[in-house]
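Novice: Provided below: start.json, containing JSON, C-alpha atoms and all ligand atoms.
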```json
[["chain", "number", "residue", "atom", "x", "y", "z"],
["A", 17, "MET", "CA", 21.73, 6.61, -10.29],
["A", 18, "THR", "CA", 24.15, 4.24, -12.01],
["A", 19, "ASN", "CA", 22.88, 1.66, -14.40],
["A", 20, "ALA", "CA", 24.66, -1.41, -15.70],
["A", 21, "SER", "CA", 22.59, -2.05, -18.81],
["A", 22, "PRO", "CA", 23.64, -0.05, -21.87],
["A", 23, "ALA", "CA", 21.61, 2.96, -22.96],
["A", 24, "PRO", "CA", 18.29, 2.08, -21.40],
["A", 25, "ILE", "CA", 15.17, 3.50, -22.90],
["A", 26, "ILE", "CA", 12.98, 5.03, -20.27],
["A", 27, "LEU", "CA", 9.34, 5.38, -21.04],
["A", 28, "ALA", "CA", 6.93, 7.28, -18.90],
["A", 29, "PHE", "CA", 3.62, 5.74, -18.06],
["A", 30, "ARG", "CA", 0.95, 7.44, -16.11],
["A", 31, "SER", "CA", -2.54, 6.24, -15.56],
["A", 32, "GLY", "CA", -5.06, 4.96, -13.08],
["A", 33, "VAL", "CA", -3.97, 1.40, -12.58],
["A", 34, "THR", "CA", -7.32, -0.17, -11.78],
["A", 35, "ALA", "CA", -8.86, 0.35, -15.16],
["A", 36, "MET", "CA", -6.10, -0.84, -17.42],
["A", 37, "GLY", "CA", -3.12, -2.16, -15.50],
["A", 38, "ILE", "CA", 0.46, -1.40, -16.46],
["A", 39, "ASP", "CA", 1.16, -1.98, -20.12],
["A", 40, "ALA", "CA", 4.54, -3.73, -19.93],
["A", 41, "SER", "CA", 4.86, -4.65, -23.60],
["A", 42, "ALA", "CA", 7.85, -2.34, -24.15],
["A", 43, "ALA", "CA", 9.72, -3.99, -21.27],
["A", 44, "LEU", "CA", 8.69, -7.53, -22.17],
["A", 45, "SER", "CA", 9.90, -7.24, -25.73],
["A", 46, "ASP", "CA", 13.27, -5.67, -24.83],
["A", 47, "PRO", "CA", 15.23, -6.58, -21.66],
["A", 48, "GLY", "CA", 17.19, -3.31, -22.01],
["A", 49, "VAL", "CA", 14.12, -1.20, -21.40],
["A", 50, "ARG", "CA", 13.40, 0.28, -18.01],
["A", 51, "LEU", "CA", 9.81, 1.31, -18.07],
["A", 52, "ALA", "CA", 9.23, 4.15, -15.63],
["A", 53, "VAL", "CA", 5.87, 3.82, -13.94],
["A", 54, "SER", "CA", 4.04, 6.52, -12.06],
["A", 55, "ALA", "CA", 0.54, 5.43, -11.29],
["A", 56, "ALA", "CA", -2.42, 5.93, -9.02],
["A", 57, "ALA", "CA", -4.44, 2.94, -7.90],
["A", 58, "GLU", "CA", -7.74, 2.32, -6.19],
["A", 59, "ILE", "CA", -7.54, -0.32, -3.50],
["A", 60, "ALA", "CA", -10.77, -1.43, -1.85],
["A", 61, "PRO", "CA", -11.05, -1.11, 1.94],
["A", 62, "GLU", "CA", -9.93, -4.18, 3.84],
["A", 63, "GLU", "CA", -11.32, -5.65, 7.05],
["A", 64, "ILE", "CA", -8.41, -6.43, 9.36],
["A", 65, "ALA", "CA", -9.06, -7.92, 12.81],
["A", 66, "GLY", "CA", -12.65, -6.72, 12.63],
["A", 67, "GLU", "CA", -11.72, -3.15, 11.74],
["A", 68, "GLU", "CA", -12.13, -1.58, 8.35],
["A", 69, "VAL", "CA", -8.99, 0.00, 6.95],
["A", 70, "ALA", "CA", -9.34, 2.33, 3.96],
["A", 71, "PHE", "CA", -6.48, 3.07, 1.58],
["A", 72, "GLU", "CA", -6.54, 6.56, 0.14],
["A", 73, "SER", "CA", -4.36, 8.36, -2.38],
["A", 74, "VAL", "CA", -2.54, 5.18, -3.36],
["A", 75, "ARG", "CA", 0.42, 6.01, -5.60],
["A", 76, "PHE", "CA", 3.20, 3.90, -7.05],
["A", 77, "GLU", "CA", 6.50, 5.23, -8.37],
["A", 78, "GLY", "CA", 8.94, 2.78, -9.84],
["A", 79, "GLU", "CA", 9.97, 0.87, -12.88],
["A", 80, "VAL", "CA", 9.36, -2.32, -14.80],
["A", 81, "ARG", "CA", 12.03, -4.42, -16.46],
["A", 82, "GLY", "CA", 11.23, -7.52, -18.43],
["A", 83, "SER", "CA", 12.13, -10.54, -20.42],
["A", 84, "PRO", "CA", 9.80, -12.28, -22.86],
["A", 85, "ASP", "CA", 8.48, -14.47, -20.03],
["A", 86, "SER", "CA", 8.44, -12.22, -16.99],
["A", 87, "ALA", "CA", 8.45, -8.67, -15.71],
["A", 88, "ARG", "CA", 9.97, -7.33, -12.53],
["A", 89, "VAL", "CA", 8.26, -4.43, -10.81],
["A", 90, "GLU", "CA", 10.30, -2.34, -8.38],
["A", 91, "GLY", "CA", 9.46, 0.86, -6.61],
["A", 92, "THR", "CA", 7.69, 2.52, -3.74],
["A", 93, "LEU", "CA", 4.02, 2.41, -2.93],
["A", 94, "ARG", "CA", 2.53, 5.12, -0.75],
["A", 95, "CYS", "CA", -0.91, 5.76, 0.62],
["A", 96, "GLU", "CA", -2.87, 7.28, 3.45],
["A", 97, "ALA", "CA", -4.45, 4.52, 5.53],
["A", 98, "ARG", "CA", -7.52, 5.36, 7.61],
["A", 99, "ALA", "CA", -9.07, 3.35, 10.39],
["A", 100, "ARG", "CA", -10.52, 3.83, 13.85],
["A", 101, "CYS", "CA", -8.19, 4.83, 16.66],
["A", 102, "ALA", "CA", -7.62, 1.77, 18.87],
["A", 103, "LEU", "CA", -8.02, 3.87, 22.02],
["A", 104, "CYS", "CA", -10.68, 6.52, 21.43],
["A", 105, "LEU", "CA", -12.39, 5.02, 18.34],
["A", 106, "GLY", "CA", -12.01, 8.36, 16.58],
["A", 107, "GLU", "CA", -10.63, 8.65, 13.08],
["A", 108, "ALA", "CA", -6.97, 7.79, 12.64],
["A", 109, "SER", "CA", -4.99, 8.38, 9.48],
["A", 110, "LEU", "CA", -1.42, 7.24, 8.84],
["A", 111, "PRO", "CA", 0.96, 7.59, 5.91],
["A", 112, "ILE", "CA", 2.02, 4.13, 4.74],
["A", 113, "GLU", "CA", 5.03, 3.38, 2.58],
["A", 114, "ALA", "CA", 5.79, -0.05, 1.14],
["A", 115, "ARG", "CA", 8.74, -1.22, -0.92],
["A", 116, "ILE", "CA", 7.72, -3.20, -4.00],
["A", 117, "ASP", "CA", 9.98, -5.78, -5.64],
["A", 118, "GLU", "CA", 7.91, -8.46, -7.32],
["A", 119, "VAL", "CA", 7.97, -10.59, -10.43],
["A", 120, "PHE", "CA", 5.08, -11.25, -12.77],
["A", 121, "SER", "CA", 5.61, -14.42, -14.77],
["A", 122, "ARG", "CA", 3.87, -16.20, -17.61],
["A", 123, "ASP", "CA", 4.65, -19.41, -15.71],
["A", 124, "ALA", "CA", 3.88, -18.38, -12.15],
["A", 125, "LYS", "CA", 2.48, -21.70, -10.97],
["A", 126, "GLY", "CA", 4.35, -23.05, -7.97],
["A", 127, "THR", "CA", 6.49, -19.89, -7.63],
["A", 128, "ASP", "CA", 6.25, -16.68, -5.62],
["A", 129, "ALA", "CA", 5.59, -14.72, -8.81],
["A", 130, "TYR", "CA", 2.28, -13.13, -9.72],
["A", 131, "PRO", "CA", 0.69, -14.41, -12.91],
["A", 132, "LEU", "CA", 1.27, -12.44, -16.11],
["A", 133, "ASP", "CA", -1.40, -12.78, -18.73],
["A", 134, "GLY", "CA", -0.71, -10.96, -21.97],
["A", 135, "ASP", "CA", 1.43, -7.81, -21.75],
["A", 136, "VAL", "CA", -0.52, -6.01, -19.06],
["A", 137, "ILE", "CA", 0.53, -6.23, -15.43],
["A", 138, "GLU", "CA", -2.42, -6.12, -13.06],
["A", 139, "PRO", "CA", -0.84, -4.75, -9.91],
["A", 140, "VAL", "CA", -3.85, -4.31, -7.63],
["A", 141, "GLU", "CA", -3.42, -7.60, -5.74],
["A", 142, "MET", "CA", 0.32, -6.95, -5.32],
["A", 143, "PHE", "CA", -0.40, -3.42, -4.05],
["A", 144, "ARG", "CA", -3.08, -4.69, -1.68],
["A", 145, "GLU", "CA", -0.81, -7.32, -0.14],
["A", 146, "ALA", "CA", 2.11, -4.88, 0.22],
["A", 147, "LEU", "CA", -0.05, -2.27, 1.94],
["A", 148, "ILE", "CA", -1.56, -4.76, 4.37],
["A", 149, "LEU", "CA", 1.92, -5.99, 5.34],
["A", 150, "ALA", "CA", 3.04, -2.40, 5.93],
["A", 151, "LEU", "CA", 0.19, -1.54, 8.30],
["A", 152, "PRO", "CA", 0.95, -0.91, 11.97],
["A", 153, "MET", "CA", -0.32, -3.28, 14.66],
["A", 154, "ARG", "CA", -2.84, -0.65, 15.67],
["A", 155, "PHE", "CA", -3.97, 2.78, 14.57],
["A", 156, "LEU", "CA", -3.83, 5.74, 16.91],
["A", 157, "CYS", "CA", -5.33, 9.16, 16.16],
["A", 158, "LYS", "CA", -2.21, 10.66, 17.81],
["A", 159, "ASP", "CA", 0.69, 9.26, 19.82],
["A", 160, "ASP", "CA", -0.67, 10.61, 23.09],
["A", 161, "CYS", "CA", -4.32, 9.73, 22.56],
["A", 162, "LEU", "CA", -6.02, 9.67, 25.97],
["A", 163, "GLY", "CA", -8.63, 7.11, 24.95],
["A", 164, "LEU", "CA", -12.08, 6.65, 26.42],
["A", 165, "CYS", "CA", -13.05, 6.80, 30.07],
["A", 166, "PRO", "CA", -13.65, 3.16, 31.09],
["A", 167, "LYS", "CA", -16.52, 4.25, 33.32],
["A", 168, "CYS", "CA", -18.60, 6.67, 31.29],
["A", 169, "GLY", "CA", -17.13, 6.12, 27.83],
["A", 170, "SER", "CA", -16.51, 9.79, 27.11],
["A", 171, "ASN", "CA", -13.60, 10.74, 24.89],
["A", 172, "ARG", "CA", -10.83, 12.06, 27.13],
["A", 173, "ASN", "CA", -9.23, 13.92, 24.23],
["A", 174, "GLU", "CA", -12.24, 16.21, 24.35],
["A", 175, "GLY", "CA", -11.93, 16.99, 28.04],
["A", 176, "GLU", "CA", -12.09, 15.46, 31.51],
["A", 177, "CYS", "CA", -15.25, 13.71, 32.58],
["A", 178, "ALA", "CA", -16.57, 13.80, 36.15],
["A", 179, "CYS", "CA", -15.59, 10.23, 36.97],
["A", 180, "PRO", "CA", -13.04, 9.66, 39.78],
["A", 181, "ARG", "CA", -9.67, 8.64, 38.30],
["A", 182, "GLY", "CA", -8.10, 7.03, 41.40],
["A", 183, "ASP", "CA", -8.74, 3.31, 41.15],
["A", 184, "GLU", "CA", -8.58, 2.47, 37.47],
["A", 185, "PRO", "CA", -5.74, 0.45, 35.98],
["A", 186, "ASP", "CA", -3.45, 2.48, 33.78],
["A", 201, "ZN", "ZN", -7.52, 8.27, 19.68],
["A", 202, "ZN", "ZN", -15.85, 9.13, 32.79]]
```
Before we go any further, please render this structure as structure tokens.
Ligand SMILES: [Zn+2]
Ligand SMILES: [Zn+2]
Specialist:
Amino acid sequence: MTNASPAPIILAFRSGVTAMGIDASAALSDPGVRLAVSAAAEIAPEEIAGEEVAFESVRFEGEVRGSPDSARVEGTLRCEARARCALCLGEASLPIEARIDEVFSRDAKGTDAYPLDGDVIEPVEMFREALILALPMRFLCKDDCLGLCPKCGSNRNEGECACPRGDEPD
């Protein structure tokens, strides 16, 4: 990877994000610093269109660069999202990947930036919004899920029911 800024200092940071946030003081005090961030986060389940979506194993890998007034967070956020299958109502789990490129600013009012209070970036809201945007329109347990029988409600993935299949819409 090429890098325009001279001799960057790269610091490693690893922690659970929820408890303490990302300490960006090294990046805020020196614009030449690229603060490498590798962090796990806990994101609460979200109700989307009446269905609960859980975010598991949320991990962020990226970096923070700063100025005295703002910090830019770039990287990749990954998680395993779990929800009910839209067809059979069974459990569906999907890997989700979201690109992060956001600014935290001491003067965020009226801008797209997230607020920065002190030297600690609190990324949970940013992570939450990025994951929700990256979710698919619907969850399926598998691409060829057979769904439920519209007559008896049995799960067709678990075998054929006795209902006639002739006259139902596909
Ligand atoms: Zn299914
Ligand atoms: Zn049936």
Novice: Using only C-alpha atoms, which residues sit within 9 Å of A:Glu176 once same-chain residues fewer than 5 positions away are excluded, as a PyMOL selection string?
Specialist: chain A and resi 165+170-171
Novice: Could those selected residues go to a file with C-alpha atoms, as a compact mmCIF listing (two decimals), keeping the file's coordinate frame?
Specialist:
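Just written: part.txt:
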```txt
# COMPACT_ATOMS: atom_id res chain seq x y z
CA CYS A 165 -13.05 6.80 30.07
CA SER A 170 -16.51 9.79 27.11
CA ASN A 171 -13.60 10.74 24.89
```
Novice: Kindly provide, as a short mmCIF file (atom, residue, chain, number, x, y, z; two decimals) with C-alpha atoms, in the frame of the given file, all nucleotide and amino acid residues lying within 8 Å of ligand ZN 202 (chain A), counting all atoms listed in the file.
Specialist:
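The new file selection32.cif reads:
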```
data_model
loop_
_atom_site.label_atom_id
_atom_site.label_comp_id
_atom_site.auth_asym_id
_atom_site.auth_seq_id
_atom_site.Cartn_x
_atom_site.Cartn_y
_atom_site.Cartn_z
CA LEU A 164 -12.08 6.65 26.42
CA CYS A 165 -13.05 6.80 30.07
CA PRO A 166 -13.65 3.16 31.09
CA LYS A 167 -16.52 4.25 33.32
CA CYS A 168 -18.60 6.67 31.29
CA GLY A 169 -17.13 6.12 27.83
CA SER A 170 -16.51 9.79 27.11
CA GLU A 176 -12.09 15.46 31.51
CA CYS A 177 -15.25 13.71 32.58
CA ALA A 178 -16.57 13.80 36.15
CA CYS A 179 -15.59 10.23 36.97
CA PRO A 180 -13.04 9.66 39.78
#
```
Novice: Would you write out, as JSON lines, a table of all residues in chain A that have an atom no more than 7 Å from an atom of ligand ZN 201 (chain A), listing for each the closest atom pair and the distance in Å to one decimal, considering only C-alpha atoms and all ligand atoms and ordering rows by chain and rising residue number?
Specialist:
```
{"residue": "A:Cys101", "atom": "CA", "partner": "A:ZN201", "partner_atom": "ZN", "distance": 4.6}
{"residue": "A:Ala102", "atom": "CA", "partner": "A:ZN201", "partner_atom": "ZN", "distance": 6.6}
{"residue": "A:Leu103", "atom": "CA", "partner": "A:ZN201", "partner_atom": "ZN", "distance": 5.0}
{"residue": "A:Cys104", "atom": "CA", "partner": "A:ZN201", "partner_atom": "ZN", "distance": 4.0}
{"residue": "A:Leu105", "atom": "CA", "partner": "A:ZN201", "partner_atom": "ZN", "distance": 6.0}
{"residue": "A:Gly106", "atom": "CA", "partner": "A:ZN201", "partner_atom": "ZN", "distance": 5.5}
{"residue": "A:Leu156", "atom": "CA", "partner": "A:ZN201", "partner_atom": "ZN", "distance": 5.3}
{"residue": "A:Cys157", "atom": "CA", "partner": "A:ZN201", "partner_atom": "ZN", "distance": 4.2}
{"residue": "A:Lys158", "atom": "CA", "partner": "A:ZN201", "partner_atom": "ZN", "distance": 6.1}
{"residue": "A:Cys161", "atom": "CA", "partner": "A:ZN201", "partner_atom": "ZN", "distance": 4.5}
{"residue": "A:Leu162", "atom": "CA", "partner": "A:ZN201", "partner_atom": "ZN", "distance": 6.6}
{"residue": "A:Gly163", "atom": "CA", "partner": "A:ZN201", "partner_atom": "ZN", "distance": 5.5}
```
Novice: Next, dump the selected residues to file, keeping only C-alpha atoms, as a CSV table (one decimal), in the coordinates of the input.
Specialist:
```csv
chain,number,residue,atom,x,y,z
A,101,CYS,CA,-8.2,4.8,16.7
A,102,ALA,CA,-7.6,1.8,18.9
A,103,LEU,CA,-8.0,3.9,22.0
A,104,CYS,CA,-10.7,6.5,21.4
A,105,LEU,CA,-12.4,5.0,18.3
A,106,GLY,CA,-12.0,8.4,16.6
A,156,LEU,CA,-3.8,5.7,16.9
A,157,CYS,CA,-5.3,9.2,16.2
A,158,LYS,CA,-2.2,10.7,17.8
A,161,CYS,CA,-4.3,9.7,22.6
A,162,LEU,CA,-6.0,9.7,26.0
A,163,GLY,CA,-8.6,7.1,25.0
```
Novice: Looking at only C-alpha atoms, which of A:Glu58, A:Asp160, A:Pro84, A:Glu96 is the one that sits closest to A:Gly134?
Specialist: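 When distances to A:Gly134 are compared using only C-alpha atoms, the smallest one comes from A:Pro84.
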Novice: In the coordinates of the file, take the point (11.4, -1.5, -10.5) and a cut-off of 12 Å; then, counting all atoms listed in the file, name each qualifying protein, DNA or RNA residue as a PyMOL selection string.
Specialist: chain A and resi 26+40+43+49-54+76-82+87-93+115-120
Novice: Next, the residues of the selection above should be written as a JSON list (two decimals), keeping the file's coordinate frame with C-alpha atoms.
Specialist:
```json
[["chain", "number", "residue", "atom", "x", "y", "z"],
["A", 26, "ILE", "CA", 12.98, 5.03, -20.27],
["A", 40, "ALA", "CA", 4.54, -3.73, -19.93],
["A", 43, "ALA", "CA", 9.72, -3.99, -21.27],
["A", 49, "VAL", "CA", 14.12, -1.20, -21.40],
["A", 50, "ARG", "CA", 13.40, 0.28, -18.01],
["A", 51, "LEU", "CA", 9.81, 1.31, -18.07],
["A", 52, "ALA", "CA", 9.23, 4.15, -15.63],
["A", 53, "VAL", "CA", 5.87, 3.82, -13.94],
["A", 54, "SER", "CA", 4.04, 6.52, -12.06],
["A", 76, "PHE", "CA", 3.20, 3.90, -7.05],
["A", 77, "GLU", "CA", 6.50, 5.23, -8.37],
["A", 78, "GLY", "CA", 8.94, 2.78, -9.84],
["A", 79, "GLU", "CA", 9.97, 0.87, -12.88],
["A", 80, "VAL", "CA", 9.36, -2.32, -14.80],
["A", 81, "ARG", "CA", 12.03, -4.42, -16.46],
["A", 82, "GLY", "CA", 11.23, -7.52, -18.43],
["A", 87, "ALA", "CA", 8.45, -8.67, -15.71],
["A", 88, "ARG", "CA", 9.97, -7.33, -12.53],
["A", 89, "VAL", "CA", 8.26, -4.43, -10.81],
["A", 90, "GLU", "CA", 10.30, -2.34, -8.38],
["A", 91, "GLY", "CA", 9.46, 0.86, -6.61],
["A", 92, "THR", "CA", 7.69, 2.52, -3.74],
["A", 93, "LEU", "CA", 4.02, 2.41, -2.93],
["A", 115, "ARG", "CA", 8.74, -1.22, -0.92],
["A", 116, "ILE", "CA", 7.72, -3.20, -4.00],
["A", 117, "ASP", "CA", 9.98, -5.78, -5.64],
["A", 118, "GLU", "CA", 7.91, -8.46, -7.32],
["A", 119, "VAL", "CA", 7.97, -10.59, -10.43],
["A", 120, "PHE", "CA", 5.08, -11.25, -12.77]]
```
Novice: Pick out the closest residue to A:Asp133 from this set: A:Arg94, A:Ile148, A:Ser121, A:Asp159. Count all atoms listed in the file.
Specialist: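 Under the stated criterion, the closest residue is A:Ser121.
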Novice: With all atoms listed in the file as the basis for distance, which of A:Arg181, A:Arg122, A:Arg98, A:Arg154 is at the shortest distance from A:Ala65?
Specialist: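 The shortest atom-to-atom distance to A:Ala65 comes from A:Arg154.
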Novice: Give me, as a VMD selection string, all polymer residues having an atom no more than 12 Å from A:Leu151, counting only C-alpha atoms and skipping those fewer than 4 positions away in the same chain.
Specialist: chain A and resid 62 64 69 to 71 94 to 99 109 to 114 144 to 147 155 to 156
Novice: Keeping C-alpha atoms for every residue in the selection just given, could you write it to a file as a compact mmCIF listing (two decimals), in the frame of the given file?
Specialist:
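Written file, out.txt:
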```txt
# COMPACT_ATOMS: atom_id res chain seq x y z
CA GLU A 62 -9.93 -4.18 3.84
CA ILE A 64 -8.41 -6.43 9.36
CA VAL A 69 -8.99 0.00 6.95
CA ALA A 70 -9.34 2.33 3.96
CA PHE A 71 -6.48 3.07 1.58
CA ARG A 94 2.53 5.12 -0.75
CA CYS A 95 -0.91 5.76 0.62
CA GLU A 96 -2.87 7.28 3.45
CA ALA A 97 -4.45 4.52 5.53
CA ARG A 98 -7.52 5.36 7.61
CA ALA A 99 -9.07 3.35 10.39
CA SER A 109 -4.99 8.38 9.48
CA LEU A 110 -1.42 7.24 8.84
CA PRO A 111 0.96 7.59 5.91
CA ILE A 112 2.02 4.13 4.74
CA GLU A 113 5.03 3.38 2.58
CA ALA A 114 5.79 -0.05 1.14
CA ARG A 144 -3.08 -4.69 -1.68
CA GLU A 145 -0.81 -7.32 -0.14
CA ALA A 146 2.11 -4.88 0.22
CA LEU A 147 -0.05 -2.27 1.94
CA PHE A 155 -3.97 2.78 14.57
CA LEU A 156 -3.83 5.74 16.91
```
Novice: What is the atom CA of A:Ala150 to atom CA of A:Leu132 distance in Å?
Specialist: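 So the two atoms, atom CA of A:Ala150 and atom CA of A:Leu132, lie 24.3 Å apart.
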Novice: Using only C-alpha atoms, which of A:Glu63, A:Asp46, A:Glu68, A:Glu141 sits nearest A:Asp85?
Specialist: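 Residue with the minimum atom-to-atom distance to A:Asp85: A:Asp46.
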Novice: Between atom CA of A:Ser83 and atom CA of A:Ile38, what distance in Å does the model show, to one decimal?
Specialist: 15.3 Å
Novice: Which distance in Å separates atom CA of A:Arg75 and atom CA of A:Ala55, to one decimal?
Specialist: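 Calculated distance between atom CA of A:Arg75 and atom CA of A:Ala55 is 5.7 Å.
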Novice: Rank nothing, just name the residue among A:Glu107, A:Pro47, A:Pro131, A:Ser86 nearest to A:Glu67, using only C-alpha atoms.
Specialist: A:Glu107
Novice: From the options A:Gly175, A:Gly37, A:Gly126, A:Pro152, which residue's atoms come nearest to A:Ala57, counting all atoms listed in the file?
Specialist: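 Checking each of A:Gly175, A:Gly37, A:Gly126, A:Pro152 against A:Ala57, counting all atoms listed in the file, the winner is A:Gly37.
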Novice: Quick test: take stretch 40-67 of chain A, keep N, CA and C atoms, and write it as a CSV table (one decimal), in the first residue's frame.
Specialist:
```csv
chain,number,residue,atom,x,y,z
A,40,ALA,N,-8.7,8.1,20.0
A,40,ALA,CA,-8.1,8.7,18.8
A,40,ALA,C,-7.1,9.8,19.2
A,41,SER,N,-6.7,9.9,20.4
A,41,SER,CA,-5.9,11.1,20.8
A,41,SER,C,-4.6,11.1,20.0
A,42,ALA,N,-4.0,10.0,19.7
A,42,ALA,CA,-2.7,10.0,18.9
A,42,ALA,C,-2.9,10.5,17.5
A,43,ALA,N,-4.1,10.2,16.9
A,43,ALA,CA,-4.4,10.8,15.6
A,43,ALA,C,-4.8,12.2,15.6
A,44,LEU,N,-5.5,12.6,16.6
A,44,LEU,CA,-6.0,14.0,16.7
A,44,LEU,C,-4.8,15.0,17.0
A,45,SER,N,-3.8,14.5,17.7
A,45,SER,CA,-2.7,15.4,18.0
A,45,SER,C,-1.7,15.5,16.9
A,46,ASP,N,-1.7,14.5,16.0
A,46,ASP,CA,-0.7,14.5,14.9
A,46,ASP,C,-1.3,14.0,13.6
A,47,PRO,N,-1.5,14.9,12.6
A,47,PRO,CA,-2.2,14.6,11.3
A,47,PRO,C,-1.4,13.5,10.6
A,48,GLY,N,-0.1,13.3,10.9
A,48,GLY,CA,0.7,12.3,10.2
A,48,GLY,C,0.5,10.9,10.7
A,49,VAL,N,-0.3,10.8,11.8
A,49,VAL,CA,-0.5,9.4,12.4
A,49,VAL,C,-1.6,8.7,11.7
A,50,ARG,N,-1.4,7.5,11.3
A,50,ARG,CA,-2.5,6.6,10.9
A,50,ARG,C,-2.6,5.6,12.0
A,51,LEU,N,-3.7,5.7,12.7
A,51,LEU,CA,-4.0,4.8,13.8
A,51,LEU,C,-4.7,3.6,13.4
A,52,ALA,N,-4.0,2.4,13.4
A,52,ALA,CA,-4.7,1.2,12.9
A,52,ALA,C,-5.6,0.7,14.0
A,53,VAL,N,-6.8,0.4,13.6
A,53,VAL,CA,-7.9,0.0,14.5
A,53,VAL,C,-8.4,-1.4,14.1
A,54,SER,N,-8.4,-2.3,15.1
A,54,SER,CA,-8.9,-3.6,14.9
A,54,SER,C,-9.8,-3.8,16.2
A,55,ALA,N,-11.1,-3.9,16.0
A,55,ALA,CA,-12.0,-3.8,17.1
A,55,ALA,C,-13.2,-4.7,17.0
A,56,ALA,N,-13.7,-5.2,18.1
A,56,ALA,CA,-14.9,-5.9,18.1
A,56,ALA,C,-16.0,-5.0,18.7
A,57,ALA,N,-17.2,-5.1,18.3
A,57,ALA,CA,-18.2,-4.2,18.8
A,57,ALA,C,-19.5,-5.0,19.1
A,58,GLU,N,-20.3,-4.6,20.0
A,58,GLU,CA,-21.6,-5.2,20.3
A,58,GLU,C,-22.6,-4.2,19.8
A,59,ILE,N,-23.4,-4.7,18.9
A,59,ILE,CA,-24.5,-3.9,18.3
A,59,ILE,C,-25.8,-4.5,18.7
A,60,ALA,N,-26.7,-3.8,19.3
A,60,ALA,CA,-28.0,-4.4,19.8
A,60,ALA,C,-28.8,-4.8,18.6
A,61,PRO,N,-29.7,-5.8,18.7
A,61,PRO,CA,-30.6,-6.2,17.6
A,61,PRO,C,-31.5,-5.1,17.2
A,62,GLU,N,-31.9,-5.1,16.0
A,62,GLU,CA,-32.6,-4.0,15.4
A,62,GLU,C,-33.9,-4.6,14.8
A,63,GLU,N,-35.0,-3.9,15.1
A,63,GLU,CA,-36.3,-4.3,14.4
A,63,GLU,C,-36.4,-3.6,13.1
A,64,ILE,N,-36.5,-4.4,12.0
A,64,ILE,CA,-36.6,-3.8,10.7
A,64,ILE,C,-37.8,-4.4,10.0
A,65,ALA,N,-38.7,-3.6,9.6
A,65,ALA,CA,-40.0,-4.0,9.0
A,65,ALA,C,-40.6,-5.2,9.8
A,66,GLY,N,-40.6,-5.0,11.1
A,66,GLY,CA,-41.3,-5.9,12.0
A,66,GLY,C,-40.5,-7.2,12.3
A,67,GLU,N,-39.3,-7.3,11.7
A,67,GLU,CA,-38.5,-8.5,12.0
A,67,GLU,C,-37.3,-8.1,12.7
```
